[in-house]
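Student: Here it is, the structure, as C-alpha cells.
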Amino acid sequence: MNLTIAWLYPDLMSTYGDRGNVITLQKRCEWRGIEAEVKKISVDSPIEDLESTDLIFMGGAQDTQQEIVNRDLFAGRGEEIKKLVNKNVPGLFICGAYQFMGNYYKTAEGKILKGLKLFDLYTVSSKLGEKRLIGNVIIKSKVKSQKSKVFVGFENHGGRTYLKDKSQAFALVEKGYGNNSEDATEGIIFKNAIGSYLHGPLLPKNPEIADWLISLALEVKYKKKIELKPLNDELELKAREEIIKKIIKH
C-alpha cells in the first residue's frame, strides 16, 4: 500500500512548525509498512502535480506570504484542491490555510478578500486594540469515528472565524478561544477535511487525528475499509496528559 501526501506551499505556509504534521503523517505510515511519498507543491509547481494526491496538508503564514499564496490559489490550484476534497480526499488545513478555504476574509480596514468557498464560513480580522487569540487549547472532538475525543493544541490568530452552520465544527472548546472566542467552536469538518486554528503542531500531540486521516486516505484510494496496525503511542499520550494538566492548572 502507498499514499501520496501533498504538502501545499511548504516554503511559504509553514511559519509555526506545522511541518511536524507532515512528518507525523509520513512516519505513522512508514511504521506500518505503508509507503508514504510527500510531494511538495508551491507556486512554481504544475497544477497537475495535485492529481495523484491521496491526502492534503496546508499550514499557516504571515500576511506577505499569504498574499502570494492567495494569488496562486485563484490562478487555478484552488479549484483542484476543491475537486479533491469534494471527492472525499482527506485534508488538514491549519490557521491561514483554514481561512483561505472559507467564503471571505474581512480586513481591519473593511476590505473583503475572497476565499475558495470550500468551507461555509467567513473570517473577520481583529479590530485595532483587540487582542489576538493566543494560548494553549483543549478541545473535545465532535467526530464520532475518532476513538479519543479530547485533544490539545496551540492557537495564535487575530482573525475571528464564524461558521454558517455551527454543527459543522470540528470540536468544542473546553479551554482556549477556538474559532472566535464567542461560540465555543473550533475548526470545521467538511467531508473528510479538517480546518483548524490549532498549531502545536496538531498531529504529533494528537496521533489519533493523524491515524483518522491516514485511514480515510487509504479507504478512499483502495475503496475498502483498511484497519491500521496499532502503534505504541504511550509517550505521546502521556505528554498530552501533562499538557492538559498544565492548561487546567493555569
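Order determines the names: the first chain of the C-alpha cells is A, the second B, and so forth; residues in each chain are numbered 1 upward, and ligands are numbered 1 upward as they are shown.
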May I have all residues of range 9-214 of chain A that DSSP, computed from the backbone, assigns to helix (DSSP H, G or I), given as number ranges by chain?
Tutor: A: 19-30, 47-50, 63-86, 96-100, 166-168, 202-205, 207-214
Student: Sort by chain and increasing residue number a table of all residues of range 46-138 of chain A within 12 Å of range 174-192 of chain A, each with its closest pair of atoms and their distance in Å to one decimal, counting only C-alpha atoms, and write it as CSV.
Tutor:
```
residue,atom,partner,partner_atom,distance
A:Asp54,CA,A:Asn192,CA,11.4
A:Leu55,CA,A:Asn192,CA,9.7
A:Ile56,CA,A:Asn192,CA,10.5
A:Lys82,CA,A:Phe190,CA,11.2
A:Lys83,CA,A:Lys191,CA,11.9
A:Leu84,CA,A:Asn192,CA,10.2
A:Val85,CA,A:Asn192,CA,7.1
A:Asn86,CA,A:Lys191,CA,7.1
A:Lys87,CA,A:Lys191,CA,8.6
A:Asn88,CA,A:Asn192,CA,5.5
A:Val89,CA,A:Asn192,CA,6.4
A:Pro90,CA,A:Asn192,CA,4.6
A:Gly91,CA,A:Asn192,CA,6.7
A:Leu92,CA,A:Asn192,CA,9.0
A:Phe93,CA,A:Gly187,CA,9.4
A:Ile94,CA,A:Gly187,CA,8.9
A:Cys95,CA,A:Gly187,CA,9.1
A:Gly96,CA,A:Gly187,CA,12.0
A:Ala97,CA,A:Gly187,CA,11.5
A:Tyr98,CA,A:Gly187,CA,8.0
A:Gln99,CA,A:Gly187,CA,10.0
A:Met101,CA,A:Ile188,CA,10.5
A:Gly102,CA,A:Ile188,CA,10.1
A:Lys117,CA,A:Phe190,CA,11.7
A:Leu118,CA,A:Phe190,CA,8.5
A:Phe119,CA,A:Phe190,CA,6.9
A:Asp120,CA,A:Ile188,CA,9.0
A:Leu121,CA,A:Ile188,CA,8.9
A:Tyr122,CA,A:Asn179,CA,10.4
A:Thr123,CA,A:Asn180,CA,8.9
A:Val124,CA,A:Asn180,CA,9.2
A:Ser125,CA,A:Asn180,CA,10.4
A:Ser126,CA,A:Asn180,CA,9.9
A:Lys131,CA,A:Ser181,CA,10.8
A:Arg132,CA,A:Tyr177,CA,9.9
A:Leu133,CA,A:Tyr177,CA,6.3
A:Ile134,CA,A:Tyr177,CA,7.9
A:Gly135,CA,A:Gly176,CA,6.7
A:Asn136,CA,A:Gly176,CA,6.4
A:Val137,CA,A:Gly176,CA,4.6
A:Ile138,CA,A:Lys175,CA,4.9
```
Student: Would you compute the distance between CA of Gly20 in chain A and CA of Pro207 in chain A? Give it in Å to one decimal.
Tutor: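 Rounded to one decimal, the two atoms are 11.7 Å apart.
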Student: Give me, please, the distance in Å between CA of Asp233 in chain A and CA of Arg28 in chain A, quoted to one decimal.
Tutor: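 A separation of 10.6 Å between them.
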Student: I need the residues of range 57-142 of chain A that end up classed as strand (DSSP E or B) by DSSP on the backbone, written out as a PyMOL selection string.
Tutor: chain A and resi 57-58+91-94+104-106+112-114+121-124+133-141
Student: Those residues with C-alpha atoms, as an mmCIF file, in the first residue's frame please?
Tutor:
```
data_model
loop_
_atom_site.group_PDB
_atom_site.id
_atom_site.type_symbol
_atom_site.label_atom_id
_atom_site.label_comp_id
_atom_site.auth_asym_id
_atom_site.auth_seq_id
_atom_site.Cartn_x
_atom_site.Cartn_y
_atom_site.Cartn_z
ATOM 1 C CA PHE A 57 -1.830 19.330 4.166
ATOM 2 C CA MET A 58 -1.517 23.124 4.224
ATOM 3 C CA GLY A 91 -7.127 17.168 4.163
ATOM 4 C CA LEU A 92 -5.826 19.193 7.075
ATOM 5 C CA PHE A 93 -5.867 22.991 6.716
ATOM 6 C CA ILE A 94 -4.296 24.950 9.577
ATOM 7 C CA TYR A 104 -14.050 35.509 2.584
ATOM 8 C CA TYR A 105 -11.710 37.331 4.956
ATOM 9 C CA LYS A 106 -12.606 40.874 6.049
ATOM 10 C CA ILE A 112 -13.106 41.825 1.550
ATOM 11 C CA LEU A 113 -10.617 39.191 0.374
ATOM 12 C CA LYS A 114 -12.277 36.325 -1.477
ATOM 13 C CA LEU A 121 -17.529 30.219 6.882
ATOM 14 C CA TYR A 122 -16.074 33.714 6.949
ATOM 15 C CA THR A 123 -13.305 35.400 8.923
ATOM 16 C CA VAL A 124 -13.106 38.938 10.286
ATOM 17 C CA LEU A 133 -6.336 34.813 20.431
ATOM 18 C CA ILE A 134 -3.198 33.139 21.744
ATOM 19 C CA GLY A 135 -2.591 30.204 24.054
ATOM 20 C CA ASN A 136 -2.884 26.511 24.724
ATOM 21 C CA VAL A 137 -6.198 24.886 23.891
ATOM 22 C CA ILE A 138 -8.163 21.838 24.975
ATOM 23 C CA ILE A 139 -10.900 20.713 22.614
ATOM 24 C CA LYS A 140 -13.445 17.905 22.508
ATOM 25 C CA SER A 141 -13.817 16.443 19.019
#
```
Student: Name the residues in contact with Ala239 in chain A at a cut-off of 12 Å, using only C-alpha atoms, excluding same-chain residues fewer than 3 positions from it; report them as a ChimeraX atom specification.
Tutor: /A:151-152,204-207,233-236,242-246
Student: Counting only C-alpha atoms, figure out which residue out of A:Ile34, A:Ala193, A:Leu216, A:Val22 gets nearest to Met1 in chain A.
Tutor: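 Of all the options, A:Ile34 lies closest to Met1 in chain A.
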Student: With distances taken over only C-alpha atoms, which residue among A:Leu213, A:Leu3, A:Leu218, A:Ile81 lies nearest Glu30 in chain A?
Tutor: A:Leu3
Student: Find, counting only C-alpha atoms, the residue in A:Trp31, A:Lys238, A:Gly129, A:Val38 that gets nearest to Asp211 in chain A.
Tutor: A:Trp31
Student: Within 10 Å of Leu73 in chain A, counting only C-alpha atoms, which residues show up once you throw out same-chain ones fewer than 5 positions away? Write them as a compact mmCIF listing (two decimals) with N, CA and C atoms, in the first residue's frame, please.
Tutor:
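Saved the output as out-v5.txt:
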```
# COMPACT_ATOMS: atom_id res chain seq x y z
N VAL A 43 4.17 27.56 -5.65
CA VAL A 43 3.67 28.38 -6.75
C VAL A 43 4.29 28.01 -8.10
N GLU A 67 -0.49 36.50 0.81
CA GLU A 67 -0.91 37.21 -0.41
C GLU A 67 -0.40 36.49 -1.65
N ILE A 68 0.83 36.00 -1.60
CA ILE A 68 1.41 35.25 -2.73
C ILE A 68 0.61 33.97 -2.97
N GLY A 78 -6.50 26.37 -6.60
CA GLY A 78 -7.58 26.30 -5.63
C GLY A 78 -8.73 25.42 -6.09
N GLU A 79 -9.07 25.50 -7.38
CA GLU A 79 -10.15 24.67 -7.92
C GLU A 79 -9.80 23.19 -7.85
N GLU A 80 -8.53 22.86 -8.06
CA GLU A 80 -8.09 21.47 -7.97
C GLU A 80 -8.19 20.95 -6.54
N ILE A 81 -7.85 21.81 -5.58
CA ILE A 81 -7.98 21.43 -4.17
C ILE A 81 -9.44 21.16 -3.84
N PHE A 100 -8.31 30.59 4.19
CA PHE A 100 -8.36 30.61 2.73
C PHE A 100 -9.52 29.79 2.18
N GLY A 115 -12.35 34.09 -0.57
CA GLY A 115 -11.83 32.77 -0.24
C GLY A 115 -12.26 31.77 -1.30
N LEU A 116 -11.86 30.52 -1.13
CA LEU A 116 -12.18 29.49 -2.13
C LEU A 116 -13.60 28.94 -2.00
```
Student: Which residue gives the smallest distance to Leu203 in chain A among A:Asp63, A:Asp18, A:Asp11, A:Glu219, with only C-alpha atoms counted?
Tutor: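 For Leu203 in chain A, the nearest of the given residues is A:Asp18.
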Student: Take CA of Ile247 in chain A and CA of Gln26 in chain A and report the distance between them in Å, one decimal.
Tutor: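 The value is 29.0 Å.
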Student: Which residue, A:Gly76, A:Pro201, A:Gly195, A:Pro230, has the smallest gap to Phe154 in chain A when you use only C-alpha atoms?
Tutor: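 Counting only C-alpha atoms, the residue closest to Phe154 in chain A is A:Pro201.
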